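Enquirer: Have a look at the structure that comes next, please.
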Amino acid sequence: MNRKIVKDKKLAIHGGKKTVPDNLKVKWPIITEEDKKAVMRVLDRGIIWGPYAPEVVGLQEDFAKYVGTKYCIAVNSGTAALHMAIAAAGVGPGDEVITSSFSFLSSATAILHQNAIPIFVDIDPRTFNIDPGKIEEKITKKTKAIIPVHIHGLPADMNRINKIARKYNLVVIEDAAQAHGATYHGKKVGNFGDMAIFSLNTTKNLPGGEGGLFVTNSKEYRGKANMTRMFGEILNPEEGRKYNAYTMGWNYRTQEMPAAFARSQLKRLDEYNANSQRNGEYLSKHLAEIKGVIPPYVPEDRTTVYHKYRVRLNPSELGIDMEVSKFRDLVMKALQAEGVDVVFWQTVPIPGQTLFKLKEGYGRGCPWSCPYYHQEIKYDPNDYPETVKLLNDSFVVCSEPYPIYCQRFELMKYYAEAFQKVFDNIEEVVGAE
Ligand SMILES: Cc1ncc(COP(=O)(O)O)c(C=O)c1O
């Protein structure tokens, strides 16, 4: 990059020419003729639903093969898949389940759906994943499971987490909603917990409209999760339906058209992930050279699929004495004016959301007020300082309609150039309120 030329340019916030040309961004999801044919085949076949309908079964087989697990159950959301895993783990009223304070809400609400209590652990400031060094202090006699989240597509430190889980006899459920195809020690995520879940929500690297995938190597967990999927009944495709529920169950079935669409997309998942990695690595290489900008960190023992590409800022490195969130907001404005797609994703740690402040839950304070739970839990976002810091000093490059995994390499070059321009003129940016 020619820094001299960039430096001479007037910032777009001050009326200069914006760096990034319009109409370069690619909209997600990419829908091909093959995808359309896959959905049309469903309509031509005339089978559009059913627990063992051909596309649902096909998706389960294809995804189990992709991840390398024995079993997969396709459902109508990642949240449903997570609830099924928590139920299959035997979690119930009065139990505690540990998860990360930095995730999408569902990582915690799926615990509430099973009448159990979410216990949050702060993050590692470099990987943004649950900090294994802070898990043990949160374990009590009531702890039943740990849900590490592979946030933004980067695997959590599963060896350290599994070691703790074994010591305390806890079930591990990987929340891989954002991490299809990411690897840890050379193996795909989904192979490290007792169970794992993925989301097919259209913002994900593997889009299916809506949907979720539950995977495991355990026949027992598979069976229990399947009962939660369908009314608490034991349904066997070879036998007639008995109409008898053995346990609490829901209707988490998915349908043939989204299943066929997801199967078709799965064929291109590795291609999108490779594109994401190329884009992310290029941006990281260039952003690392800019003072005050901290690109995402990827430890050597794992790969990320950059479901989200998060950048942190450090104004003190530039000698700027300003509240970091204010600095971040000004940088975002300047980058947006240059044509860079930068957005927020989450604004408070999960325990800072109103649901956890009010603790009304199902009403009358359940499950926190459940007679099986004798503890008084207070959720204070300030107990998760690394998550708070991250949310104050960072933003995500590429928004959900235009994610990094489907963008052209050319766009990344313009984005890197725009960052350079904004930081070459940072005094003007911070003076430009
Ligand atoms: C980390 C995480 N967990 C769980 C979910 C829930 O998935 P879904 O939206 O498919 O219910 C999501 C997706 O939004 C997520 O990002």
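Residues are referred to by chain and number: the chain letter is A, B, ... according to the order shown in the structure tokens, the number counts from 1 in that chain, and ligands are numbered separately from 1 in the order shown.
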Report the closest atom pair, with its distance in Å rounded to one decimal, for each residue of chain A that has an atom no farther than 7 Å from ligand 1; count only C-alpha atoms and all ligand atoms, sort by chain and then rising residue number, and write it as JSON lines.
Expert:
{"residue": "A:Ser77", "atom": "CA", "partner": "ligand 1", "partner_atom_place_in_ligand_line": "10 (O)", "distance": 3.9}
{"residue": "A:Gly78", "atom": "CA", "partner": "ligand 1", "partner_atom_place_in_ligand_line": "10 (O)", "distance": 3.4}
{"residue": "A:Thr79", "atom": "CA", "partner": "ligand 1", "partner_atom_place_in_ligand_line": "11 (O)", "distance": 3.7}
{"residue": "A:Ala80", "atom": "CA", "partner": "ligand 1", "partner_atom_place_in_ligand_line": "11 (O)", "distance": 6.5}
{"residue": "A:Ser103", "atom": "CA", "partner": "ligand 1", "partner_atom_place_in_ligand_line": "1 (C)", "distance": 5.2}
{"residue": "A:Phe104", "atom": "CA", "partner": "ligand 1", "partner_atom_place_in_ligand_line": "2 (C)", "distance": 4.8}
{"residue": "A:Ser106", "atom": "CA", "partner": "ligand 1", "partner_atom_place_in_ligand_line": "4 (C)", "distance": 4.9}
{"residue": "A:Ser107", "atom": "CA", "partner": "ligand 1", "partner_atom_place_in_ligand_line": "3 (N)", "distance": 5.0}
{"residue": "A:Val149", "atom": "CA", "partner": "ligand 1", "partner_atom_place_in_ligand_line": "1 (C)", "distance": 5.9}
{"residue": "A:Ile151", "atom": "CA", "partner": "ligand 1", "partner_atom_place_in_ligand_line": "1 (C)", "distance": 6.1}
{"residue": "A:Asp175", "atom": "CA", "partner": "ligand 1", "partner_atom_place_in_ligand_line": "3 (N)", "distance": 5.8}
{"residue": "A:Ala176", "atom": "CA", "partner": "ligand 1", "partner_atom_place_in_ligand_line": "1 (C)", "distance": 6.7}
{"residue": "A:Ala177", "atom": "CA", "partner": "ligand 1", "partner_atom_place_in_ligand_line": "2 (C)", "distance": 4.7}
{"residue": "A:Gln178", "atom": "CA", "partner": "ligand 1", "partner_atom_place_in_ligand_line": "16 (O)", "distance": 5.4}
{"residue": "A:Ser199", "atom": "CA", "partner": "ligand 1", "partner_atom_place_in_ligand_line": "10 (O)", "distance": 4.1}
{"residue": "A:Leu200", "atom": "CA", "partner": "ligand 1", "partner_atom_place_in_ligand_line": "10 (O)", "distance": 5.5}
{"residue": "A:Asn201", "atom": "CA", "partner": "ligand 1", "partner_atom_place_in_ligand_line": "10 (O)", "distance": 4.7}
{"residue": "A:Glu210", "atom": "CA", "partner": "ligand 1", "partner_atom_place_in_ligand_line": "10 (O)", "distance": 6.2}
{"residue": "A:Gly211", "atom": "CA", "partner": "ligand 1", "partner_atom_place_in_ligand_line": "10 (O)", "distance": 5.5}
{"residue": "A:Gly212", "atom": "CA", "partner": "ligand 1", "partner_atom_place_in_ligand_line": "10 (O)", "distance": 5.4}
Enquirer: Output N, CA, C and O atoms of each residue in that selection to a file, as a PDB file, in the first residue's frame.
Expert:
ATOM      1  N   SER A  77     -34.040 -24.708  14.784  1.00  0.00           N
ATOM      2  CA  SER A  77     -33.133 -23.595  15.148  1.00  0.00           C
ATOM      3  C   SER A  77     -31.946 -24.119  15.952  1.00  0.00           C
ATOM      4  O   SER A  77     -32.005 -25.222  16.528  1.00  0.00           O
ATOM      5  N   GLY A  78     -30.909 -23.300  16.014  1.00  0.00           N
ATOM      6  CA  GLY A  78     -29.757 -23.628  16.850  1.00  0.00           C
ATOM      7  C   GLY A  78     -30.150 -23.605  18.319  1.00  0.00           C
ATOM      8  O   GLY A  78     -29.650 -24.409  19.124  1.00  0.00           O
ATOM      9  N   THR A  79     -31.055 -22.697  18.670  1.00  0.00           N
ATOM     10  CA  THR A  79     -31.523 -22.596  20.058  1.00  0.00           C
ATOM     11  C   THR A  79     -32.211 -23.897  20.465  1.00  0.00           C
ATOM     12  O   THR A  79     -31.991 -24.418  21.568  1.00  0.00           O
ATOM     13  N   ALA A  80     -33.034 -24.440  19.555  1.00  0.00           N
ATOM     14  CA  ALA A  80     -33.727 -25.704  19.827  1.00  0.00           C
ATOM     15  C   ALA A  80     -32.700 -26.833  20.009  1.00  0.00           C
ATOM     16  O   ALA A  80     -32.807 -27.641  20.938  1.00  0.00           O
ATOM     17  N   SER A 103     -21.588 -14.002  24.218  1.00  0.00           N
ATOM     18  CA  SER A 103     -22.156 -14.894  23.217  1.00  0.00           C
ATOM     19  C   SER A 103     -23.467 -14.297  22.755  1.00  0.00           C
ATOM     20  O   SER A 103     -23.845 -13.204  23.182  1.00  0.00           O
ATOM     21  N   PHE A 104     -24.166 -15.042  21.903  1.00  0.00           N
ATOM     22  CA  PHE A 104     -25.546 -14.674  21.603  1.00  0.00           C
ATOM     23  C   PHE A 104     -26.413 -15.185  22.755  1.00  0.00           C
ATOM     24  O   PHE A 104     -26.107 -16.217  23.371  1.00  0.00           O
ATOM     25  N   SER A 106     -28.956 -16.923  23.196  1.00  0.00           N
ATOM     26  CA  SER A 106     -29.437 -18.312  23.261  1.00  0.00           C
ATOM     27  C   SER A 106     -28.533 -19.242  24.063  1.00  0.00           C
ATOM     28  O   SER A 106     -29.019 -20.224  24.622  1.00  0.00           O
ATOM     29  N   SER A 107     -27.230 -18.962  24.093  1.00  0.00           N
ATOM     30  CA  SER A 107     -26.325 -19.827  24.864  1.00  0.00           C
ATOM     31  C   SER A 107     -26.779 -19.881  26.314  1.00  0.00           C
ATOM     32  O   SER A 107     -26.549 -20.866  27.018  1.00  0.00           O
ATOM     33  N   VAL A 149     -18.558 -21.655  23.964  1.00  0.00           N
ATOM     34  CA  VAL A 149     -19.074 -21.141  22.686  1.00  0.00           C
ATOM     35  C   VAL A 149     -17.864 -20.845  21.797  1.00  0.00           C
ATOM     36  O   VAL A 149     -16.941 -20.159  22.225  1.00  0.00           O
ATOM     37  N   ILE A 151     -16.856 -18.655  19.713  1.00  0.00           N
ATOM     38  CA  ILE A 151     -17.411 -17.364  19.288  1.00  0.00           C
ATOM     39  C   ILE A 151     -16.714 -16.810  18.044  1.00  0.00           C
ATOM     40  O   ILE A 151     -15.497 -16.922  17.911  1.00  0.00           O
ATOM     41  N   ASP A 175     -21.199 -25.059  21.901  1.00  0.00           N
ATOM     42  CA  ASP A 175     -22.067 -24.177  21.119  1.00  0.00           C
ATOM     43  C   ASP A 175     -21.238 -23.732  19.912  1.00  0.00           C
ATOM     44  O   ASP A 175     -20.454 -22.783  19.979  1.00  0.00           O
ATOM     45  N   ALA A 176     -21.418 -24.492  18.828  1.00  0.00           N
ATOM     46  CA  ALA A 176     -20.669 -24.223  17.594  1.00  0.00           C
ATOM     47  C   ALA A 176     -21.575 -23.536  16.575  1.00  0.00           C
ATOM     48  O   ALA A 176     -21.356 -23.658  15.361  1.00  0.00           O
ATOM     49  N   ALA A 177     -22.577 -22.808  17.083  1.00  0.00           N
ATOM     50  CA  ALA A 177     -23.557 -22.143  16.209  1.00  0.00           C
ATOM     51  C   ALA A 177     -22.878 -21.288  15.146  1.00  0.00           C
ATOM     52  O   ALA A 177     -23.396 -21.116  14.049  1.00  0.00           O
ATOM     53  N   GLN A 178     -21.684 -20.732  15.491  1.00  0.00           N
ATOM     54  CA  GLN A 178     -21.000 -19.808  14.581  1.00  0.00           C
ATOM     55  C   GLN A 178     -19.757 -20.427  13.925  1.00  0.00           C
ATOM     56  O   GLN A 178     -18.982 -19.698  13.315  1.00  0.00           O
ATOM     57  N   SER A 199     -25.951 -23.634  14.202  1.00  0.00           N
ATOM     58  CA  SER A 199     -27.136 -22.894  13.744  1.00  0.00           C
ATOM     59  C   SER A 199     -27.132 -22.810  12.216  1.00  0.00           C
ATOM     60  O   SER A 199     -26.068 -22.708  11.594  1.00  0.00           O
ATOM     61  N   LEU A 200     -28.323 -22.845  11.646  1.00  0.00           N
ATOM     62  CA  LEU A 200     -28.461 -22.670  10.193  1.00  0.00           C
ATOM     63  C   LEU A 200     -29.155 -21.356   9.868  1.00  0.00           C
ATOM     64  O   LEU A 200     -29.594 -21.139   8.732  1.00  0.00           O
ATOM     65  N   ASN A 201     -29.264 -20.508  10.873  1.00  0.00           N
ATOM     66  CA  ASN A 201     -29.820 -19.176  10.660  1.00  0.00           C
ATOM     67  C   ASN A 201     -29.050 -18.513   9.506  1.00  0.00           C
ATOM     68  O   ASN A 201     -27.849 -18.711   9.363  1.00  0.00           O
ATOM     69  N   GLU A 210     -33.776 -20.774   8.372  1.00  0.00           N
ATOM     70  CA  GLU A 210     -33.646 -21.003   9.810  1.00  0.00           C
ATOM     71  C   GLU A 210     -33.346 -22.482   9.981  1.00  0.00           C
ATOM     72  O   GLU A 210     -33.662 -23.295   9.111  1.00  0.00           O
ATOM     73  N   GLY A 211     -32.776 -22.853  11.119  1.00  0.00           N
ATOM     74  CA  GLY A 211     -32.548 -24.270  11.380  1.00  0.00           C
ATOM     75  C   GLY A 211     -31.390 -24.478  12.334  1.00  0.00           C
ATOM     76  O   GLY A 211     -30.653 -23.541  12.660  1.00  0.00           O
ATOM     77  N   GLY A 212     -31.256 -25.709  12.796  1.00  0.00           N
ATOM     78  CA  GLY A 212     -30.166 -26.052  13.712  1.00  0.00           C
ATOM     79  C   GLY A 212     -29.779 -27.505  13.536  1.00  0.00           C
ATOM     80  O   GLY A 212     -30.538 -28.305  12.974  1.00  0.00           O
TER      81      GLY A 212
END
Enquirer: Find the residues around range 418-423 of chain A up to 8 Å (only C-alpha atoms counted), leave out those fewer than 3 positions away in its own chain, and share them as a PyMOL selection string.
Expert: chain A and resi 3+6-7+9+11+19-20+287+290-291+331+334-335+338+340+414-415+426+429
Enquirer: How about saving the chosen residues, C-alpha atoms kept, as a PDB file, in the first residue's frame?
Expert:
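Okay, selection-v1.pdb is ready:
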ATOM      1  CA  ARG A   3       1.012   5.239   2.508  1.00  0.00           C
ATOM      2  CA  VAL A   6      -3.328   7.515   1.180  1.00  0.00           C
ATOM      3  CA  LYS A   7      -2.092  10.125   3.646  1.00  0.00           C
ATOM      4  CA  LYS A   9      -6.369  12.079   0.823  1.00  0.00           C
ATOM      5  CA  LEU A  11     -11.242  12.108   4.935  1.00  0.00           C
ATOM      6  CA  THR A  19     -12.146   5.043  -0.357  1.00  0.00           C
ATOM      7  CA  VAL A  20     -14.427   2.086  -1.071  1.00  0.00           C
ATOM      8  CA  LEU A 287      -4.349  -3.937  10.262  1.00  0.00           C
ATOM      9  CA  ILE A 290      -1.559   0.197  11.997  1.00  0.00           C
ATOM     10  CA  LYS A 291      -0.860   1.619  15.428  1.00  0.00           C
ATOM     11  CA  VAL A 331     -13.421   5.682  14.204  1.00  0.00           C
ATOM     12  CA  ALA A 334     -14.997   7.788   9.809  1.00  0.00           C
ATOM     13  CA  LEU A 335     -14.713   4.246   8.421  1.00  0.00           C
ATOM     14  CA  GLU A 338     -15.109   5.822   3.720  1.00  0.00           C
ATOM     15  CA  VAL A 340     -16.335   0.350   5.179  1.00  0.00           C
ATOM     16  CA  TYR A 414     -10.151  -1.183  -0.180  1.00  0.00           C
ATOM     17  CA  TYR A 415     -11.091  -1.842   3.454  1.00  0.00           C
ATOM     18  CA  ILE A 426      -6.563  10.089  13.406  1.00  0.00           C
ATOM     19  CA  VAL A 429     -11.005  11.951  13.262  1.00  0.00           C
TER      20      VAL A 429
END
Enquirer: Taking 2 positions as the minimum chain separation for residues in the same chain, which residues sit within 12 Å of range 89-93 of chain A when counting only C-alpha atoms? Answer as a PyMOL selection string.
Expert: chain A and resi 82-87+95-98+110-118+142-147+169-173+193-196+216+218+220-225+228+247-248+366-374
Enquirer: Pick the closest to Glu317 in chain A from A:Gly292, A:Lys267, A:Leu358, A:Pro299: which is it, counting only C-alpha atoms?
Expert: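 Of the candidates, the smallest distance to Glu317 in chain A is held by A:Gly292.
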Enquirer: If you measure from CA of Val26 in chain A to CA of Phe102 in chain A, what distance in Å do you get, rounded to one decimal?
Expert: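 Separation between CA of Val26 in chain A and CA of Phe102 in chain A: 28.0 Å.
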Enquirer: Using the chain letters and numbers from this document, which residues of range 107-245 of chain A does DSSP assign to strand (DSSP E or B), as a VMD selection string?
Expert: chain A and resid 117 to 121 123 130 143 to 147 149 171 to 175 183 to 184 187 to 188 195 to 199 212 to 216 230 233 245
Enquirer: Please determine, counting only C-alpha atoms, which residue among A:Leu206, A:Val57, A:Ile123, A:Met322 has the shortest atom-to-atom distance to Cys406 in chain A.
Expert: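 Among the listed residues, the smallest separation from Cys406 in chain A belongs to A:Leu206.
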Enquirer: Among range 121-220 of chain A, which residues does DSSP mark as alpha helix (DSSP H) when it is run on the backbone? Keep the chain and numbering as in the structure and answer as an MDAnalysis selection string.
Expert: chainID A and resid 158:168 219:220
Enquirer: Go through A:Thr99, A:Thr202, A:Asn159, A:Gln407 and flag the residue nearest Gly280 in chain A, using only C-alpha atoms for the distances.
Expert: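 Distance minimum relative to Gly280 in chain A lands on A:Gln407.
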Enquirer: Show which residues sit within 7 Å of Ala156 in chain A, as a PyMOL selection string. Count only C-alpha atoms, and ignore same-chain residues fewer than 4 positions away.
Expert: chain A and resi 129-130+148-150
Enquirer: Have a look at A:Pro315, A:Gly190, A:Gly352, A:Gly94 and name the one nearest to Cys72 in chain A; count only C-alpha atoms.
Expert: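 Among the listed residues, the smallest separation from Cys72 in chain A belongs to A:Gly190.
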Enquirer: Extract, using only C-alpha atoms, all DNA, RNA and protein residues at most 12 Å from Ile350 in chain A, discarding same-chain residues fewer than 6 positions from it, and format them as an MDAnalysis selection string.
Expert: chainID A and resid 99:109 118:123 356:357 379:384 387:388 391
Enquirer: Go through A:Met257, A:Tyr405, A:Asp393, A:Phe192 and flag the residue nearest Leu269 in chain A, using only C-alpha atoms for the distances.
Expert: A:Tyr405
Enquirer: Provide the CA of Lys27 in chain A to CA of Leu283 in chain A distance in Å, to one decimal place.
Expert: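 CA of Lys27 in chain A sits 19.5 Å away from CA of Leu283 in chain A.
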Enquirer: Measuring atom to atom with only C-alpha atoms, identify which of A:Val75, A:Leu411, A:Val430, A:Val39 is nearest to Asp321 in chain A.
Expert: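 Among the listed residues, the smallest separation from Asp321 in chain A belongs to A:Val430.
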Enquirer: Take CA of Trp28 in chain A and CA of Arg328 in chain A and report the distance between them in Å, one decimal.
Expert: 26.5 Å
Enquirer: Can you tell me, as an mmCIF file with C-alpha atoms, in the first residue's frame, what residues are no more than 12 Å from Lys65 in chain A when counting only C-alpha atoms, ignoring any on the same chain fewer than 2 positions away?
Expert:
data_model
loop_
_atom_site.group_PDB
_atom_site.id
_atom_site.type_symbol
_atom_site.label_atom_id
_atom_site.label_comp_id
_atom_site.auth_asym_id
_atom_site.auth_seq_id
_atom_site.Cartn_x
_atom_site.Cartn_y
_atom_site.Cartn_z
ATOM 1 C CA GLY A 58 -30.127 -36.543 4.046
ATOM 2 C CA LEU A 59 -29.043 -33.352 5.814
ATOM 3 C CA GLN A 60 -28.426 -35.298 9.019
ATOM 4 C CA GLU A 61 -26.285 -37.833 7.178
ATOM 5 C CA ASP A 62 -24.375 -35.218 5.173
ATOM 6 C CA PHE A 63 -23.619 -33.051 8.203
ATOM 7 C CA VAL A 67 -18.191 -33.027 11.059
ATOM 8 C CA GLY A 68 -17.169 -36.640 11.622
ATOM 9 C CA THR A 69 -19.694 -37.597 14.306
ATOM 10 C CA LYS A 70 -21.895 -40.693 14.408
ATOM 11 C CA TYR A 71 -25.209 -38.878 14.770
ATOM 12 C CA CYS A 72 -26.856 -35.648 13.712
ATOM 13 C CA GLY A 181 -15.874 -26.234 9.787
ATOM 14 C CA LYS A 188 -13.490 -30.031 13.244
ATOM 15 C CA GLY A 190 -18.355 -30.732 17.118
ATOM 16 C CA ASN A 191 -15.955 -33.549 18.085
ATOM 17 C CA VAL A 215 -24.423 -33.756 16.783
ATOM 18 C CA THR A 216 -23.030 -36.431 19.104
ATOM 19 C CA ASN A 217 -21.249 -39.777 19.133
ATOM 20 C CA LEU A 266 -23.210 -27.440 2.637
#
Enquirer: Which neighbours of Gly153 in chain A fall inside 10 Å, counting only C-alpha atoms, when residues of the same chain fewer than 6 positions from it are skipped, and could you give them as a VMD selection string?
Expert: chain A and resid 176 to 183 189 204 to 205 273 303 to 309
